[in-house]
Structure formats: C-alpha cells, structure tokens
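Student: Got a structure for you, written out below as structure tokens; questions coming shortly.
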Amino acid sequence: MKLTREHLADLAVGAAFLGTGGGGDPYVGRLMVQQCLDEGCEVELIDPQDIPDNSLVIPTAMMGAPTVLVEKIPSGEEAIASLHRLEKRLDRKADFTMPIEIGGINSTIPLVVGARLGLPIVDADGMGRAFPYLEMETFGVYGISGSPMVVSNEWGDTALIEAVDNRQMEWLSRAVAMRMGGCAYIAEYSMSGAEVKRTAIPNTLTLAIRIGEVLRKAHDEHRNPIEALLGFLPSTLYRYGRIIFSGKIIDVMRETRAGFTMGRARIDGIAPFSSQMDIEIQNENLIARVDGKVKAIVPDLICIMNTETAEPITNENLRYGQRVTVVAVSVPEIMRTPEALAVFGPSCFGLKEPFTSIEEID
C-alpha cells in the first residue's frame, strides 16, 4: 500500500486516538511526511506477513517528553542518523523500518525515514498504543533485545548504547535524551522478519488510517463520530470500546520531569455522568478514576476526545474548559498475557490497582 496525502490526515487522527494522549503531536509528523510526498518520495506500507523471514527490520522513533517536541520540531534527519549508525554497528543494511509504537508522532517518524531512504515500512508496531518506557514493547516481552540502540539529536551527535537488558537500555538512553534537550531520535530492537511476525502487533498503521477515516466520514455524514468508531472497533484486534465519562476539563497539572510529561487531568461530569474523573498521566493516560473507583487502567486505552468534533486530544494540548468525552478501548490479547502485564501492566507505573479489563469494570 502506497500512502497518499489523503491518507495522512486520517493517519494523524487515528494515531492520536491510539496514542492515548501521548506519543507526541501527530500533526507535526503529518507535515513531515507530507513534505516527503511533495518532494516526490514514496511511502510504502508492507503487511508483516509479506516480509521475508531473513530480512532485517530496524524500527525508528522519537523518545522523550511530548511537551518538549512542541518547541523542538525535528527535521527527520535525526532518526535517519540513528538508523545509519545502527546499520554500521550491525554491519548490515536495513531492509525495512517500522514504528515502535502506533501513538502520535511515532506513527509517522518511520514513514519519514522510509520515504527519505527508499525503505518500505512494516505495517505493525510493538506497543499497540503509546507507552513512556522503551522496554514496554511486545518485542521485548517476547524475547527481542532492544540493544544495540542509537540515540541522535539535531546537531549530529549520536550515542551507541549496548545494555545488559531492555530496562537498563531505557535507563541509559533516557539520560542521553535528557542531555540532548528532553527528546531525541532512536533506532532500536533490530530484528528479523520472522521475529516481527512473532512479536509485533500487526496492521496498526492501516488501523490508524481506518480510525481516522471512520471519524471523518461520520462527521461528514452528520452521524455521531464516536458512536461510529465504537461500532467499528469489534471488527479489529481492539474488539471493545465504550464511553466512560463526559464533561468539562476543570484542571490540568502538567510538568516535564525526568524526561517525561507527568501530570493529571480533572474532568467535571456532565449528565448522565456525575462527580469528577481524574486521569493520571505519564506521557500517556494511565488510569481513570471516578470518586476513587477505577474506570479504566493501563494497558487498556484511555482516550480523551473533543465532544463536539470527536478529535482525539494529546496531553500537551489539554486545556481548561474543553468539553471532552473519555473513551476506553480494550487492547489486543497479546498485550494482556501475564508476560505482557509484567512489563507494562499497572504495577510497572507504581499503580496499586491490579489490571482489570474494561469489559469487567462496571
């Protein structure tokens, strides 16, 4: 599948939705890919089942605080530098690149890399959403090492990291990214085509495009876009979703700390919802509570959407007074196994509540 300009707006919306508030502003990434297309480059998506088992896939991405990205817009050359440095370390050229996560700008950084280098992009990712830590990948859950990895900035600096495990890789690279100004661009989790098929969440780029398309068409046809989206989800790996709250944002606390965007959003309920909802944030939305009762919890998706337009709102764009609808969505089963929850379940974020699927929560 070759992407066109018409796909990009839908992709940006769908990636913002799947990013659960994090992953960086997809609008920036959309403009970067659009520039590549305007220059005559091609963006080709490949189904993971169609890549050779012995091919080399090198994912590329941004890491750091999404709030920093607002003021520190990339050129696209940073992630390319990381990929080239990792190719040198591996003594082999990449056959494909792919996202590490489907949220926000990280759905589009590999598209820029692929367009500039003539590399096809695998239609899959390793998070099925966005997570703040690099070890929180289905790749790592199911046995792929993130190292060696490379971190690059806009000045041409690169750092090669070879860590003993994926958690240590995250810890070391986070310090480098902080030194590089709070966000940087990476290449990591190099793997074979066979390993992609075994560990990745398939077809999430085309899913993001479809989500954006469903919302857009419903809006154009004067149907309820959120209801249309909830009706679409059962046909995907994300089989269940529902509205868990609706109201007005009355408070946003947000700060950049230790290389992450940390904070909380508070929403005053509008009928039929009463009381207040609090959503805890670490780059992404982690847990939603009403009067202390959990309504949704990581890794399930917690998506804040503009009630009037159905546009997903990234956390750096949350503002007092916005009328919002909060949607919870189940993640694919590969993300709910005991092995997966040990890597990106609630306890990995310091939350005391155990994981309970949104299908089981009242």
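In the structure tokens, the first chain shown is A, the next is B, and so on; residue numbers restart at 1 for each chain, and ligands run from 1 in the order shown.
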Report as JSON lines the residues of stretch 168-268 of chain A within 8 Å of stretch 44-54 of chain A, each with its shortest atom pair and distance in Å (one decimal), using only C-alpha atoms, ordered by chain and increasing residue number.
Tutor:
```
{"residue": "A:Ser192", "atom": "CA", "partner": "A:Asn54", "partner_atom": "CA", "distance": 5.6}
{"residue": "A:Gly193", "atom": "CA", "partner": "A:Asp53", "partner_atom": "CA", "distance": 4.2}
{"residue": "A:Ala194", "atom": "CA", "partner": "A:Asp53", "partner_atom": "CA", "distance": 4.2}
{"residue": "A:Glu195", "atom": "CA", "partner": "A:Asp53", "partner_atom": "CA", "distance": 7.7}
{"residue": "A:Val196", "atom": "CA", "partner": "A:Pro48", "partner_atom": "CA", "distance": 7.0}
{"residue": "A:Lys197", "atom": "CA", "partner": "A:Pro48", "partner_atom": "CA", "distance": 6.1}
{"residue": "A:Pro202", "atom": "CA", "partner": "A:Pro48", "partner_atom": "CA", "distance": 6.7}
{"residue": "A:Asn203", "atom": "CA", "partner": "A:Asp47", "partner_atom": "CA", "distance": 6.7}
```
Student: Those same residues, written as a compact mmCIF listing (two decimals), in the first residue's frame with N, CA, C and O atoms?
Tutor:
```txt
# COMPACT_ATOMS: atom_id res chain seq x y z
N SER A 192 14.70 -9.80 12.86
CA SER A 192 14.42 -10.43 11.57
C SER A 192 12.94 -10.32 11.24
O SER A 192 12.09 -10.05 12.10
N GLY A 193 12.62 -10.57 9.98
CA GLY A 193 11.22 -10.60 9.57
C GLY A 193 10.42 -11.63 10.34
O GLY A 193 9.26 -11.40 10.71
N ALA A 194 11.03 -12.80 10.59
CA ALA A 194 10.34 -13.84 11.34
C ALA A 194 10.02 -13.38 12.76
O ALA A 194 8.95 -13.68 13.31
N GLU A 195 10.95 -12.63 13.36
CA GLU A 195 10.72 -12.13 14.72
C GLU A 195 9.63 -11.06 14.75
O GLU A 195 8.86 -10.97 15.71
N VAL A 196 9.56 -10.25 13.70
CA VAL A 196 8.47 -9.28 13.60
C VAL A 196 7.13 -10.00 13.60
O VAL A 196 6.20 -9.63 14.34
N LYS A 197 7.00 -11.04 12.80
CA LYS A 197 5.74 -11.78 12.70
C LYS A 197 5.35 -12.41 14.04
O LYS A 197 4.16 -12.52 14.37
N PRO A 202 0.09 -6.57 14.53
CA PRO A 202 0.03 -6.36 13.08
C PRO A 202 -0.97 -5.30 12.64
O PRO A 202 -1.99 -5.07 13.29
N ASN A 203 -0.64 -4.65 11.53
CA ASN A 203 -1.56 -3.81 10.76
C ASN A 203 -2.10 -2.62 11.55
O ASN A 203 -3.22 -2.16 11.32
```
Student: Which residues come within 6 Å of stretch 121-137 of chain A, counting only C-alpha atoms, excluding same-chain residues fewer than 4 positions away, as a list in words?
Tutor: Leu18, Gly19, Gly23, Leu45, Ile46, Asp47, Pro48, Phe96, Thr97, Met98, Pro99, Ile100, Glu101, Ile102, Gly103, Asn166, Arg167, Glu170, Ala200, Ile201, Pro202, Asn203, Thr204, Leu205, Asn283, Val343 and Phe344 of chain A
Student: Please identify all polymer residues within 7 Å of stretch 222-228 of chain A, counting only C-alpha atoms, omitting same-chain residues fewer than 6 positions from it, and present them as number ranges by chain.
Tutor: A: 214-215, 310
Student: With N, CA and C atoms retained, export the selected residues as a PDB file, in the first residue's frame.
Tutor:
```
ATOM      1  N   VAL A 214     -13.069   6.558   9.666  1.00  0.00           N
ATOM      2  CA  VAL A 214     -14.385   6.343  10.273  1.00  0.00           C
ATOM      3  C   VAL A 214     -14.885   7.621  10.942  1.00  0.00           C
ATOM      4  N   LEU A 215     -14.020   8.289  11.699  1.00  0.00           N
ATOM      5  CA  LEU A 215     -14.415   9.523  12.370  1.00  0.00           C
ATOM      6  C   LEU A 215     -14.746  10.618  11.357  1.00  0.00           C
ATOM      7  N   ALA A 310     -15.044  15.283  17.988  1.00  0.00           N
ATOM      8  CA  ALA A 310     -14.547  13.905  18.084  1.00  0.00           C
ATOM      9  C   ALA A 310     -13.054  13.806  17.776  1.00  0.00           C
TER      10      ALA A 310
END
```
Student: Residues of stretch 46-291 of chain A classed as strand (DSSP E or B) by DSSP on the backbone are to be reported as a count of residues only.
Tutor: 72
Student: Enumerate, as a count of residues only, the complete set of residues in stretch 118-292 of chain A that a backbone-based DSSP assignment places in alpha helix (DSSP H).
Tutor: 50
Student: Could you tell me which of A:Val112, A:Ala175, A:Gly182, A:Ala187 comes closest to A:Ile58 if we count only C-alpha atoms?
Tutor: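 Going through A:Val112, A:Ala175, A:Gly182, A:Ala187 one by one, the smallest distance to A:Ile58 is for A:Ala187.
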Student: Which of these, A:Arg319, A:Glu311, A:Met32, A:Gln282, has the shortest distance to A:Thr256 once you count only C-alpha atoms?
Tutor: A:Gln282
